[in-house]
file run32.cif (mmCIF, C-alpha atoms and all ligand atoms)
data_model
#
loop_
_atom_site.label_atom_id
_atom_site.label_comp_id
_atom_site.auth_asym_id
_atom_site.auth_seq_id
_atom_site.Cartn_x
_atom_site.Cartn_y
_atom_site.Cartn_z
CA MET A 1 70.34 46.44 -53.53
CA THR A 2 73.04 48.85 -52.42
CA ALA A 3 73.45 52.61 -52.61
CA GLU A 4 76.76 52.11 -54.42
CA THR A 5 75.26 50.29 -57.36
CA ILE A 6 71.86 51.99 -57.69
CA ARG A 7 71.32 55.73 -57.79
CA SER A 8 68.17 56.90 -56.06
CA LEU A 9 65.79 59.34 -57.79
CA THR A 10 66.80 62.99 -57.60
CA ASN A 11 64.34 65.67 -56.45
CA GLU A 12 64.22 67.01 -60.02
CA GLU A 13 63.33 63.57 -61.39
CA ILE A 14 60.59 63.11 -58.79
CA SER A 15 59.06 66.50 -59.50
CA LEU A 16 59.05 65.75 -63.24
CA ILE A 17 57.33 62.43 -62.55
CA ARG A 18 54.78 64.09 -60.24
CA LYS A 19 53.82 66.60 -62.92
CA GLU A 20 52.50 63.70 -65.00
CA PHE A 21 49.90 62.78 -62.37
CA PRO A 22 47.01 65.28 -62.44
CA VAL A 23 45.45 64.04 -59.18
CA LEU A 24 48.63 64.85 -57.28
CA GLN A 25 48.47 68.52 -58.27
CA GLN A 26 45.45 69.39 -56.14
CA LYS A 27 44.83 70.70 -52.68
CA ILE A 28 42.47 68.99 -50.24
CA TYR A 29 40.90 71.30 -47.64
CA GLY A 30 43.45 73.90 -48.75
CA LYS A 31 46.43 71.59 -48.14
CA PRO A 32 48.53 69.90 -50.82
CA LEU A 33 47.32 66.33 -51.26
CA VAL A 34 49.61 63.72 -49.71
CA TYR A 35 48.49 60.48 -51.29
CA PHE A 36 49.58 57.52 -49.15
CA ASP A 37 46.86 55.07 -50.22
CA ASN A 38 48.76 53.49 -53.08
CA ALA A 39 48.23 49.93 -51.86
CA ALA A 40 44.50 50.44 -52.42
CA THR A 41 44.99 51.96 -55.85
CA ALA A 42 47.71 53.94 -57.60
CA GLN A 43 47.17 57.28 -59.31
CA LYS A 44 47.17 57.48 -63.11
CA PRO A 45 49.58 59.42 -65.29
CA ASP A 46 48.27 61.69 -68.07
CA ALA A 47 49.25 59.17 -70.73
CA VAL A 48 46.91 56.53 -69.28
CA ILE A 49 44.00 58.96 -69.02
CA LYS A 50 44.65 60.15 -72.57
CA SER A 51 44.73 56.60 -73.84
CA LEU A 52 41.20 56.00 -72.53
CA THR A 53 39.86 59.18 -74.14
CA GLU A 54 41.59 58.34 -77.41
CA PHE A 55 40.00 54.93 -77.56
CA TYR A 56 36.48 56.25 -77.03
CA SER A 57 36.87 59.28 -79.26
CA GLU A 58 38.85 57.68 -82.11
CA TYR A 59 38.43 53.93 -82.44
CA ASN A 60 35.80 52.63 -80.06
CA SER A 61 34.79 49.27 -81.45
CA ASN A 62 34.30 45.68 -80.39
CA ILE A 63 37.27 43.37 -80.89
CA HIS A 64 38.07 40.05 -82.58
CA ARG A 65 34.80 39.87 -84.49
CA GLY A 66 34.84 42.82 -86.86
CA VAL A 67 36.25 43.13 -90.37
CA HIS A 68 36.06 46.92 -90.39
CA PHE A 69 38.90 49.35 -89.77
CA LEU A 70 37.94 50.41 -86.24
CA SER A 71 37.50 46.85 -85.05
CA GLN A 72 40.86 45.83 -86.53
CA LYS A 73 42.53 48.76 -84.86
CA ALA A 74 40.93 48.03 -81.49
CA SER A 75 41.73 44.30 -81.79
CA ASP A 76 45.37 45.04 -82.61
CA ALA A 77 45.70 47.50 -79.73
CA TYR A 78 44.08 45.03 -77.32
CA GLU A 79 46.30 42.14 -78.42
CA GLN A 80 49.42 44.30 -78.27
CA VAL A 81 48.76 44.72 -74.55
CA ARG A 82 48.91 40.96 -74.13
CA GLU A 83 52.42 41.11 -75.56
CA LYS A 84 53.29 44.06 -73.30
CA VAL A 85 52.16 42.08 -70.25
CA ARG A 86 54.09 39.03 -71.42
CA ASN A 87 57.19 41.13 -71.75
CA PHE A 88 56.63 42.91 -68.42
CA ILE A 89 56.43 39.68 -66.43
CA HIS A 90 58.78 37.67 -68.68
CA ALA A 91 56.23 35.00 -69.56
CA GLU A 92 57.17 32.63 -72.35
CA SER A 93 54.13 33.23 -74.51
CA GLU A 94 51.27 35.72 -74.92
CA SER A 95 48.87 32.81 -74.79
CA GLU A 96 49.73 32.47 -71.11
CA VAL A 97 48.22 35.91 -70.40
CA VAL A 98 44.47 36.03 -69.69
CA PHE A 99 42.73 39.36 -69.16
CA THR A 100 40.34 39.42 -66.22
CA ARG A 101 38.65 42.10 -64.12
CA GLY A 102 41.46 42.04 -61.59
CA THR A 103 43.34 39.95 -59.05
CA THR A 104 40.10 38.85 -57.43
CA GLU A 105 38.63 37.49 -60.63
CA SER A 106 41.93 35.84 -61.60
CA ILE A 107 42.01 33.93 -58.30
CA ASN A 108 38.34 32.99 -58.57
CA LEU A 109 38.99 31.70 -62.09
CA VAL A 110 41.77 29.40 -60.91
CA ALA A 111 39.92 28.28 -57.77
CA GLN A 112 36.82 27.33 -59.77
CA SER A 113 38.45 25.84 -62.87
CA PHE A 114 41.30 24.11 -61.06
CA GLY A 115 38.87 22.86 -58.42
CA LYS A 116 36.56 21.32 -61.05
CA ALA A 117 39.43 19.62 -62.82
CA PHE A 118 41.69 18.48 -60.02
CA VAL A 119 40.14 18.69 -56.53
CA THR A 120 38.05 15.95 -54.98
CA GLU A 121 36.83 15.04 -51.51
CA GLY A 122 39.56 15.04 -48.86
CA ASP A 123 42.09 16.94 -51.00
CA GLU A 124 43.89 19.93 -49.50
CA VAL A 125 44.58 23.50 -50.54
CA ILE A 126 47.20 25.59 -48.75
CA ILE A 127 47.12 29.36 -48.26
CA SER A 128 48.83 31.57 -45.69
CA ALA A 129 47.59 33.44 -42.62
CA MET A 130 48.37 36.82 -44.22
CA GLU A 131 46.16 36.50 -47.30
CA HIS A 132 43.82 39.18 -48.59
CA HIS A 133 40.18 38.02 -48.49
CA SER A 134 40.47 37.65 -52.29
CA ASN A 135 42.92 34.83 -51.72
CA ILE A 136 40.88 33.18 -48.97
CA VAL A 137 37.21 33.25 -49.89
CA PRO A 138 37.49 31.80 -53.45
CA TRP A 139 39.42 28.81 -52.05
CA GLN A 140 36.99 28.42 -49.17
CA MET A 141 34.07 28.40 -51.58
CA MET A 142 35.76 25.85 -53.82
CA CYS A 143 36.82 23.65 -50.86
CA GLU A 144 33.25 23.68 -49.56
CA GLU A 145 31.88 22.66 -52.95
CA ARG A 146 34.46 19.91 -53.48
CA LYS A 147 34.55 18.79 -49.82
CA ALA A 148 38.25 19.64 -49.69
CA VAL A 149 40.22 21.03 -46.75
CA LEU A 150 41.75 24.52 -46.57
CA ARG A 151 45.04 24.58 -44.65
CA VAL A 152 46.80 27.72 -43.48
CA ILE A 153 50.53 28.41 -42.99
CA PRO A 154 50.85 30.56 -39.83
CA ILE A 155 52.77 33.81 -39.32
CA ASN A 156 54.87 35.09 -36.41
CA GLU A 157 54.60 38.31 -34.37
CA LYS A 158 56.71 40.20 -36.90
CA GLY A 159 54.24 39.26 -39.62
CA GLU A 160 56.57 36.79 -41.31
CA LEU A 161 55.44 33.55 -42.79
CA LEU A 162 56.60 30.46 -40.88
CA THR A 163 58.01 28.84 -43.98
CA ASP A 164 59.10 25.69 -42.11
CA GLU A 165 55.42 25.02 -41.49
CA LEU A 166 54.87 24.64 -45.21
CA GLU A 167 56.99 21.49 -45.25
CA LYS A 168 54.89 20.06 -42.42
CA THR A 169 51.62 21.03 -44.11
CA LEU A 170 52.47 19.72 -47.60
CA ASN A 171 51.42 16.12 -48.14
CA SER A 172 50.15 13.78 -50.81
CA LYS A 173 46.66 15.33 -50.60
CA THR A 174 47.90 18.87 -51.32
CA LYS A 175 46.55 19.98 -54.69
CA ILE A 176 47.59 23.62 -54.88
CA ILE A 177 49.19 26.43 -52.85
CA SER A 178 48.09 30.03 -53.17
CA VAL A 179 50.16 32.66 -51.43
CA VAL A 180 50.60 36.41 -51.44
CA HIS A 181 53.91 37.89 -52.61
CA ILE A 182 53.67 41.17 -50.64
CA SER A 183 51.13 41.45 -47.84
CA ASN A 184 48.83 44.45 -48.30
CA SER A 185 48.32 44.92 -44.55
CA LEU A 186 51.81 44.18 -43.22
CA GLY A 187 54.12 44.93 -46.13
CA THR A 188 55.90 41.59 -45.67
CA VAL A 189 57.68 40.33 -48.77
CA ASN A 190 57.37 36.56 -48.83
CA PRO A 191 60.19 34.34 -50.12
CA VAL A 192 57.96 33.07 -52.91
CA LYS A 193 60.72 31.67 -55.10
CA LYS A 194 61.79 29.39 -52.25
CA LEU A 195 58.20 28.38 -51.50
CA ILE A 196 57.55 27.56 -55.16
CA ALA A 197 60.67 25.37 -55.33
CA GLN A 198 59.60 23.64 -52.12
CA ALA A 199 56.11 22.95 -53.52
CA HIS A 200 57.46 21.81 -56.87
CA ARG A 201 59.61 19.16 -55.21
CA ARG A 202 56.26 17.57 -54.40
CA GLU A 203 54.78 18.49 -57.79
CA VAL A 204 52.29 20.89 -56.22
CA PRO A 205 51.45 23.96 -58.33
CA VAL A 206 51.60 27.47 -56.84
CA LEU A 207 49.56 30.60 -57.44
CA ILE A 208 51.17 33.90 -56.49
CA ASP A 209 48.92 36.81 -55.54
CA ALA A 210 51.00 39.64 -56.99
CA ALA A 211 48.42 42.41 -56.43
CA GLN A 212 50.95 44.41 -54.41
CA SER A 213 54.24 43.11 -55.75
CA ILE A 214 53.49 43.92 -59.39
CA ALA A 215 54.16 47.59 -58.58
CA HIS A 216 57.00 47.05 -56.11
CA GLU A 217 59.09 44.23 -57.58
CA GLN A 218 60.48 43.38 -60.98
CA ILE A 219 58.47 40.27 -61.66
CA ASP A 220 59.87 37.41 -63.68
CA VAL A 221 57.44 34.49 -63.79
CA ASN A 222 60.04 32.33 -65.51
CA ASP A 223 62.58 32.89 -62.81
CA LEU A 224 60.01 32.40 -60.04
CA ASP A 225 58.66 29.37 -61.89
CA CYS A 226 55.15 30.02 -60.52
CA ASP A 227 52.29 28.14 -62.12
CA PHE A 228 49.78 30.99 -61.79
CA MET A 229 50.05 34.66 -61.00
CA ALA A 230 47.25 37.17 -60.40
CA PHE A 231 47.46 40.97 -60.46
CA SER A 232 45.44 44.12 -61.13
CA SER A 233 46.14 46.98 -63.51
CA HIS A 234 44.93 49.66 -61.10
CA LYS A 235 47.73 49.01 -58.60
CA MET A 236 50.31 49.70 -61.33
CA LEU A 237 49.03 53.06 -62.62
CA GLY A 238 46.47 51.53 -64.99
CA PRO A 239 42.66 51.67 -64.93
CA THR A 240 40.38 49.77 -62.57
CA GLY A 241 38.40 46.80 -63.83
CA VAL A 242 41.31 45.07 -65.58
CA GLY A 243 43.71 42.45 -64.35
CA VAL A 244 45.75 39.51 -65.44
CA LEU A 245 45.87 35.85 -64.80
CA TYR A 246 49.22 34.49 -65.89
CA ALA A 247 49.23 30.70 -66.11
CA LYS A 248 51.72 28.27 -67.54
CA ARG A 249 50.47 26.94 -70.86
CA LYS A 250 50.13 23.38 -69.53
CA TRP A 251 47.68 24.58 -66.89
CA LEU A 252 45.59 26.77 -69.17
CA GLU A 253 45.31 23.84 -71.56
CA ALA A 254 44.24 21.53 -68.75
CA LEU A 255 41.67 23.82 -67.09
CA PRO A 256 38.00 23.93 -68.08
CA PRO A 257 36.61 27.37 -69.04
CA TYR A 258 35.51 29.61 -66.19
CA GLN A 259 32.58 31.30 -67.92
CA GLY A 260 30.64 30.50 -71.07
CA GLY A 261 29.66 33.02 -73.75
CA GLY A 262 30.81 34.76 -76.88
CA ASP A 263 34.44 34.77 -78.02
CA MET A 264 35.46 31.79 -75.84
CA ILE A 265 34.08 29.22 -78.32
CA SER A 266 35.21 27.82 -81.63
CA GLY A 267 31.83 26.25 -82.52
CA VAL A 268 28.40 26.07 -80.91
CA SER A 269 25.45 23.82 -81.63
CA PHE A 270 22.65 22.75 -79.32
CA GLU A 271 24.31 19.38 -79.02
CA LYS A 272 27.85 20.48 -78.30
CA THR A 273 30.16 23.45 -77.94
CA THR A 274 33.85 23.37 -78.70
CA TYR A 275 36.08 25.92 -77.07
CA ASN A 276 38.42 28.48 -78.50
CA GLU A 277 42.16 28.14 -78.04
CA ILE A 278 43.97 29.61 -75.02
CA PRO A 279 43.90 32.31 -73.76
CA PHE A 280 40.61 33.29 -75.49
CA ARG A 281 38.85 30.30 -73.94
CA PHE A 282 39.03 32.20 -70.65
CA GLU A 283 37.79 35.56 -71.94
CA ALA A 284 34.04 35.12 -72.42
CA GLY A 285 31.98 38.06 -73.68
CA THR A 286 32.99 41.58 -74.60
CA GLN A 287 36.09 42.43 -72.67
CA ASN A 288 37.02 45.69 -70.96
CA ILE A 289 38.67 46.85 -74.18
CA ALA A 290 39.37 50.52 -73.42
CA ASP A 291 40.81 49.76 -70.01
CA VAL A 292 43.00 46.93 -71.30
CA ILE A 293 44.42 49.33 -73.89
CA ALA A 294 45.03 52.02 -71.26
CA PHE A 295 46.60 49.35 -69.04
CA GLY A 296 49.07 48.84 -71.87
CA THR A 297 49.91 52.53 -71.64
CA SER A 298 50.61 52.19 -67.91
CA ILE A 299 53.04 49.37 -68.70
CA ASP A 300 54.73 51.56 -71.36
CA TYR A 301 54.97 54.31 -68.78
CA LEU A 302 56.57 52.07 -66.15
CA GLN A 303 58.93 50.60 -68.74
CA SER A 304 60.01 54.08 -69.77
CA LEU A 305 61.41 54.67 -66.25
CA ASP A 306 64.40 52.99 -64.66
CA ARG A 307 62.51 50.57 -62.45
CA LYS A 308 65.56 49.50 -60.46
CA ARG A 309 66.02 53.08 -59.36
CA LEU A 310 62.30 53.56 -58.67
CA LEU A 311 62.21 50.50 -56.46
CA PHE A 312 65.37 51.51 -54.67
CA TYR A 313 63.85 54.92 -53.99
CA GLU A 314 60.63 53.32 -52.71
CA HIS A 315 62.71 51.29 -50.24
CA GLN A 316 64.32 54.51 -49.06
CA LEU A 317 60.88 56.09 -48.55
CA LEU A 318 59.75 53.14 -46.45
CA SER A 319 62.95 53.07 -44.37
CA TYR A 320 62.75 56.81 -43.75
CA ALA A 321 59.06 56.65 -42.75
CA THR A 322 59.71 53.61 -40.52
CA GLU A 323 62.48 55.45 -38.68
CA ARG A 324 60.67 58.76 -38.32
CA ILE A 325 57.36 57.28 -37.18
CA LYS A 326 59.13 56.09 -34.03
CA GLU A 327 59.16 59.77 -32.94
CA VAL A 328 55.37 59.61 -32.55
CA GLU A 329 54.20 58.98 -29.00
CA GLY A 330 52.42 55.67 -28.45
CA ILE A 331 53.25 54.29 -31.90
CA ARG A 332 52.96 50.57 -32.55
CA ILE A 333 54.05 49.29 -35.94
CA ILE A 334 52.12 46.25 -37.13
CA GLY A 335 54.32 44.22 -39.46
CA THR A 336 58.03 44.35 -38.73
CA ALA A 337 59.27 41.64 -41.07
CA SER A 338 62.91 41.79 -42.11
CA GLU A 339 61.83 41.98 -45.78
CA LYS A 340 59.21 44.67 -46.33
CA SER A 341 58.02 46.80 -49.18
CA GLY A 342 55.88 49.90 -49.69
CA ILE A 343 53.59 49.56 -46.65
CA LEU A 344 53.66 50.96 -43.13
CA SER A 345 50.80 49.75 -40.91
CA PHE A 346 50.53 51.11 -37.40
CA LEU A 347 48.40 52.12 -34.44
CA ILE A 348 48.70 54.89 -31.89
CA LYS A 349 48.14 53.52 -28.42
CA GLY A 350 44.63 54.28 -27.22
CA GLY A 351 43.75 56.10 -30.45
CA ASN A 352 41.07 54.77 -32.73
CA ALA A 353 42.45 54.08 -36.24
CA MET A 354 39.44 55.65 -37.93
CA ASP A 355 39.68 58.86 -35.84
CA ILE A 356 43.35 59.21 -36.72
CA GLY A 357 42.66 58.52 -40.42
CA MET A 358 39.96 61.21 -40.37
CA TYR A 359 42.27 63.67 -38.66
CA LEU A 360 44.98 63.00 -41.28
CA ASP A 361 42.36 63.59 -43.97
CA THR A 362 41.71 67.08 -42.59
CA GLN A 363 45.44 67.70 -43.19
CA GLY A 364 45.15 66.58 -46.84
CA ILE A 365 46.77 63.20 -46.10
CA ALA A 366 45.09 60.13 -47.59
CA VAL A 367 45.73 56.90 -45.69
CA ARG A 368 43.58 53.82 -45.25
CA THR A 369 42.21 52.56 -41.96
CA GLY A 370 40.55 49.30 -41.05
CA HIS A 371 41.24 45.63 -41.63
CA HIS A 372 42.43 46.08 -45.25
CA CYS A 373 40.50 42.94 -46.30
CA THR A 374 42.77 40.84 -44.08
CA GLN A 375 40.59 40.13 -41.05
CA PRO A 376 42.56 36.97 -40.10
CA VAL A 377 45.71 39.13 -39.84
CA MET A 378 43.89 41.55 -37.55
CA ASN A 379 42.58 38.65 -35.47
CA PHE A 380 46.12 37.31 -35.16
CA PHE A 381 47.33 40.65 -33.77
CA LYS A 382 44.11 40.99 -31.72
CA ILE A 383 43.34 44.40 -33.16
CA PRO A 384 40.31 45.63 -35.12
CA GLY A 385 42.41 47.32 -37.77
CA THR A 386 45.40 49.54 -38.49
CA ILE A 387 46.23 52.85 -40.10
CA ARG A 388 48.10 52.09 -43.32
CA ALA A 389 50.37 54.44 -45.22
CA SER A 390 51.50 52.99 -48.54
CA PHE A 391 54.06 54.57 -50.81
CA LEU A 392 54.83 54.73 -54.49
CA PHE A 393 57.73 56.30 -56.36
CA TYR A 394 55.91 59.62 -56.86
CA ASN A 395 55.83 60.18 -53.08
CA THR A 396 58.49 62.31 -51.46
CA ILE A 397 60.51 62.58 -48.27
CA SER A 398 58.91 65.96 -47.55
CA GLU A 399 55.44 64.35 -47.76
CA ILE A 400 56.61 61.87 -45.13
CA ASP A 401 57.76 64.80 -42.97
CA ILE A 402 54.29 66.40 -43.28
CA PHE A 403 52.72 63.06 -42.40
CA ILE A 404 54.91 62.57 -39.31
CA GLU A 405 54.19 66.08 -38.01
CA ALA A 406 50.45 65.49 -38.50
CA LEU A 407 50.72 62.15 -36.70
CA LYS A 408 52.47 63.80 -33.77
CA LYS A 409 49.54 66.19 -33.51
CA ALA A 410 47.09 63.30 -33.80
CA ALA A 411 48.97 61.48 -31.03
CA ARG A 412 48.62 64.52 -28.78
CA LEU A 413 44.88 64.60 -29.53
CA PHE A 414 44.08 60.91 -29.31
CA HIS A 415 46.88 59.04 -27.54
CA LYS A 416 45.81 57.61 -24.20
CA LYS A 417 48.64 56.35 -21.99
N1 LIG A 501 45.40 40.63 -53.02
C1 LIG A 501 46.06 41.62 -52.44
C2 LIG A 501 47.34 41.34 -51.71
C3 LIG A 501 45.58 42.93 -52.52
O1 LIG A 501 46.24 43.94 -51.94
C4 LIG A 501 44.37 43.17 -53.22
C5 LIG A 501 43.80 44.53 -53.26
O2 LIG A 501 44.06 45.35 -52.44
C6 LIG A 501 43.74 42.08 -53.84
C7 LIG A 501 44.27 40.83 -53.71
C8 LIG A 501 42.48 42.28 -54.62
O3 LIG A 501 42.73 43.07 -55.75
P1 LIG A 501 41.53 43.61 -56.64
O4 LIG A 501 40.56 44.25 -55.69
O5 LIG A 501 42.18 44.58 -57.57
O6 LIG A 501 40.93 42.44 -57.33
#
call {"tool": "encode", "arguments": {"input": "run32.cif", "output": "structure tokens", "more": "lines below"}}
Ligand code: PLP
result
Amino acid sequence: MTAETIRSLTNEEISLIRKEFPVLQQKIYGKPLVYFDNAATAQKPDAVIKSLTEFYSEYNSNIHRGVHFLSQKASDAYEQVREKVRNFIHAESESEVVFTRGTTESINLVAQSFGKAFVTEGDEVIISAMEHHSNIVPWQMMCEERKAVLRVIPINEKGELLTDELEKTLNSKTKIISVVHISNSLGTVNPVKKLIAQAHRREVPVLIDAAQSIAHEQIDVNDLDCDFMAFSSHKMLGPTGVGVLYAKRKWLEALPPYQGGGDMISGVSFEKTTYNEIPFRFEAGTQNIADVIAFGTSIDYLQSLDRKRLLFYEHQLLSYATERIKEVEGIRIIGTASEKSGILSFLIKGGNAMDIGMYLDTQGIAVRTGHHCTQPVMNFFKIPGTIRASFLFYNTISEIDIFIEALKKAARLFHKK
């Protein structure tokens, strides 16, 4: 991306965007809210909030099973979101889009169903050293059950994946690779397209944890050629409690159902149950209908903006913050990969991350402190946690200035030489 070809957002455009996010309008302890916790969850525009209210006040109804007007309307709205997701990630077919509760459930679904179908004693599963616990624990649980081995691709001091190690780790026992696209604690953008091609040369399928990248990249599952992709609606302006598992048709057809219950069957008797077609086979029970519909509105909202420009602007925010934070005494940035997106993790020498986070809070600045559900990353850097500022396109350069000035004060209070 270059400044010549992509125009950044103007101040007027950003202030128009910000007006659509009610949470951003408030003051915290008398100071304008600076929301830098977007990697944990993004704020919601009015349209998404309205969509939830509309569902419950106008056509609340269960889906797929009703012949009445409200049920038809709710079913149509729910299924339209499947098409919106398909279009958003460039999947070939809507039947490759399964609604789940979020990234975590999507990964658990694959770990359990794939494990049952394809993993036996002595087989291997590969993940990376920078995974979120959601992309570690489900595989660990499955490997324990199936007596398989979990292997880990290491990272370097900059927080970059040692991609050459993948070649050494891949072997005839490798059954699947699951790797994060953008690290939520380091901001590293992994070269997933290259990794997928590398794995496919050995016919090993790949799951991409896109929890962070779904908001910060233009995702094209066809171009990436990933076998599975997991992401959450709440990181992309939609409601919590909804997510997606994208899977190539051939995999969804080959995997056993994850959960049993209503809607996932085509016929049930006490002797035998036959399962519904994909993707419904993987959506047992009443789904999170209202939130799926509002998730569709968040996709509409994102699609209504020029995403290339948004992403370019987000890169500018990160570069600006990365430069300016160096003015803070005792600063140590954790995660200095050459390809980064949206996330700035750091420590102030001698200062406790939690104390600094609490001080920033008194200034109306919301950041996250701790291990960010990536304890192995923290162990690698031999630190208990970091302070993490994470940006989205509604953030501004002047918010970063406020943040840097507050950090300088925090450094004076807490920094020990
Ligand atoms: N993977 C990554 C990289 C994440 O950042 C997160 C959430 O922060 C998750 C997985 C889990 O997402 P969720 O809690 O929405 O299931």
call {"tool": "closest_atom_pairs", "arguments": {"input": "run32.cif", "of": "range 176-281 of chain A", "to": "range 372-389 of chain A", "cutoff": "9 Å", "atoms": "only C-alpha atoms", "output": "CSV"}}
result
residue,atom,partner,partner_atom,distance
A:Asn184,CA,A:His372,CA,7.3
A:Ser185,CA,A:His372,CA,6.0
A:Leu186,CA,A:Val377,CA,8.6
call {"tool": "residues_around", "arguments": {"input": "run32.cif", "residues": "range 262-274 of chain A", "least_positions_apart": "3", "cutoff": "10 Å", "atoms": "only C-alpha atoms", "output": "MDAnalysis selection string"}}
result
chainID A and resid 63:65 257:259 277:287
call {"tool": "atom_distance", "arguments": {"input": "run32.cif", "atom1": "CA of Ala199 in chain A", "atom2": "CA of Leu161 in chain A"}}
result
15.1 Å
call {"tool": "atom_distance", "arguments": {"input": "run32.cif", "atom1": "CA of Pro239 in chain A", "atom2": "CA of Gln212 in chain A"}}
result
15.2 Å
call {"tool": "residues_near_point", "arguments": {"input": "run32.cif", "point": "(37.2, 23.0, -61.4)", "cutoff": "12 Å", "atoms": "only C-alpha atoms", "output": "ChimeraX atom specification"}}
result
/A:108-120,138-139,141-143,145-146,175,251,254-259
call {"tool": "residues_near_ligand", "arguments": {"input": "run32.cif", "ligand": "ligand LIG 501 (chain A)", "cutoff": "6 Å", "atoms": "only C-alpha atoms and all ligand atoms", "output": "PDB file with C-alpha atoms, keeping the file's coordinate frame"}}
result
ATOM      1  CA  ALA A  40      44.500  50.440 -52.420  1.00  0.00           C
ATOM      2  CA  GLY A 102      41.460  42.040 -61.590  1.00  0.00           C
ATOM      3  CA  THR A 103      43.340  39.950 -59.050  1.00  0.00           C
ATOM      4  CA  THR A 104      40.100  38.850 -57.430  1.00  0.00           C
ATOM      5  CA  HIS A 132      43.820  39.180 -48.590  1.00  0.00           C
ATOM      6  CA  SER A 134      40.470  37.650 -52.290  1.00  0.00           C
ATOM      7  CA  VAL A 180      50.600  36.410 -51.440  1.00  0.00           C
ATOM      8  CA  SER A 183      51.130  41.450 -47.840  1.00  0.00           C
ATOM      9  CA  ASN A 184      48.830  44.450 -48.300  1.00  0.00           C
ATOM     10  CA  ASP A 209      48.920  36.810 -55.540  1.00  0.00           C
ATOM     11  CA  ALA A 211      48.420  42.410 -56.430  1.00  0.00           C
ATOM     12  CA  GLN A 212      50.950  44.410 -54.410  1.00  0.00           C
ATOM     13  CA  SER A 232      45.440  44.120 -61.130  1.00  0.00           C
TER      14      SER A 232
END
call {"tool": "closest_residue", "arguments": {"input": "run32.cif", "among": "A:Ile334, A:Leu344, A:Val328, A:Ala39", "to": "Glu157 in chain A", "atoms": "only C-alpha atoms"}}
result
A:Ile334
call {"tool": "closest_residue", "arguments": {"input": "run32.cif", "among": "A:Ala337, A:Ile365, A:Ala215, A:Ile177", "to": "His200 in chain A", "atoms": "only C-alpha atoms"}}
result
A:Ile177
call {"tool": "residues_around", "arguments": {"input": "run32.cif", "residues": "Arg202 in chain A", "least_positions_apart": "4", "cutoff": "12 Å", "atoms": "all atoms listed in the file", "output": "number ranges by chain"}}
result
A: 166-167, 169-177, 195-198, 206
call {"tool": "closest_residue", "arguments": {"input": "run32.cif", "among": "A:Arg368, A:Lys408, A:Arg86, A:Lys31", "to": "Ala247 in chain A", "atoms": "only C-alpha atoms"}}
result
A:Arg86
call {"tool": "closest_residue", "arguments": {"input": "run32.cif", "among": "A:Ala366, A:Ala411, A:Cys226, A:Ala290", "to": "Gly350 in chain A", "atoms": "all atoms listed in the file"}}
result
A:Ala411
call {"tool": "axis_aligned_box", "arguments": {"input": "run32.cif", "around": "range 36-51 of chain A", "padding_each_side": "8 Å", "output": "JSON"}}
result
{"center_x": 46.8, "center_y": 55.8, "center_z": -61.5, "size_x": 21.6, "size_y": 27.8, "size_z": 40.7}
call {"tool": "decode", "arguments": {"input": "run32.cif", "residues": "range 218-225 of chain A", "atoms": "N, CA, C and O atoms", "output": "short mmCIF file (atom, residue, chain, number, x, y, z; two decimals), in the first residue's frame"}}
result
data_model
loop_
_atom_site.label_atom_id
_atom_site.label_comp_id
_atom_site.auth_asym_id
_atom_site.auth_seq_id
_atom_site.Cartn_x
_atom_site.Cartn_y
_atom_site.Cartn_z
N GLN A 218 -8.44 -7.34 4.25
CA GLN A 218 -9.54 -7.73 3.37
C GLN A 218 -9.36 -9.21 3.08
O GLN A 218 -8.44 -9.61 2.38
N ILE A 219 -10.22 -9.99 3.68
CA ILE A 219 -10.03 -11.45 3.66
C ILE A 219 -10.65 -12.05 2.40
O ILE A 219 -11.80 -11.76 2.06
N ASP A 220 -9.86 -12.92 1.77
CA ASP A 220 -10.38 -13.65 0.61
C ASP A 220 -9.97 -15.12 0.80
O ASP A 220 -8.83 -15.50 0.54
N VAL A 221 -10.93 -15.91 1.25
CA VAL A 221 -10.59 -17.31 1.58
C VAL A 221 -10.20 -18.10 0.34
O VAL A 221 -9.43 -19.06 0.42
N ASN A 222 -10.74 -17.67 -0.81
CA ASN A 222 -10.40 -18.34 -2.06
C ASN A 222 -8.96 -18.10 -2.43
O ASN A 222 -8.24 -19.02 -2.82
N ASP A 223 -8.56 -16.84 -2.29
CA ASP A 223 -7.20 -16.47 -2.63
C ASP A 223 -6.22 -17.12 -1.64
O ASP A 223 -5.18 -17.65 -2.03
N LEU A 224 -6.57 -17.09 -0.36
CA LEU A 224 -5.69 -17.70 0.65
C LEU A 224 -5.65 -19.21 0.48
O LEU A 224 -4.67 -19.86 0.78
N ASP A 225 -6.79 -19.76 0.04
CA ASP A 225 -6.95 -21.21 -0.14
C ASP A 225 -6.93 -21.95 1.21
O ASP A 225 -6.54 -23.12 1.28
#
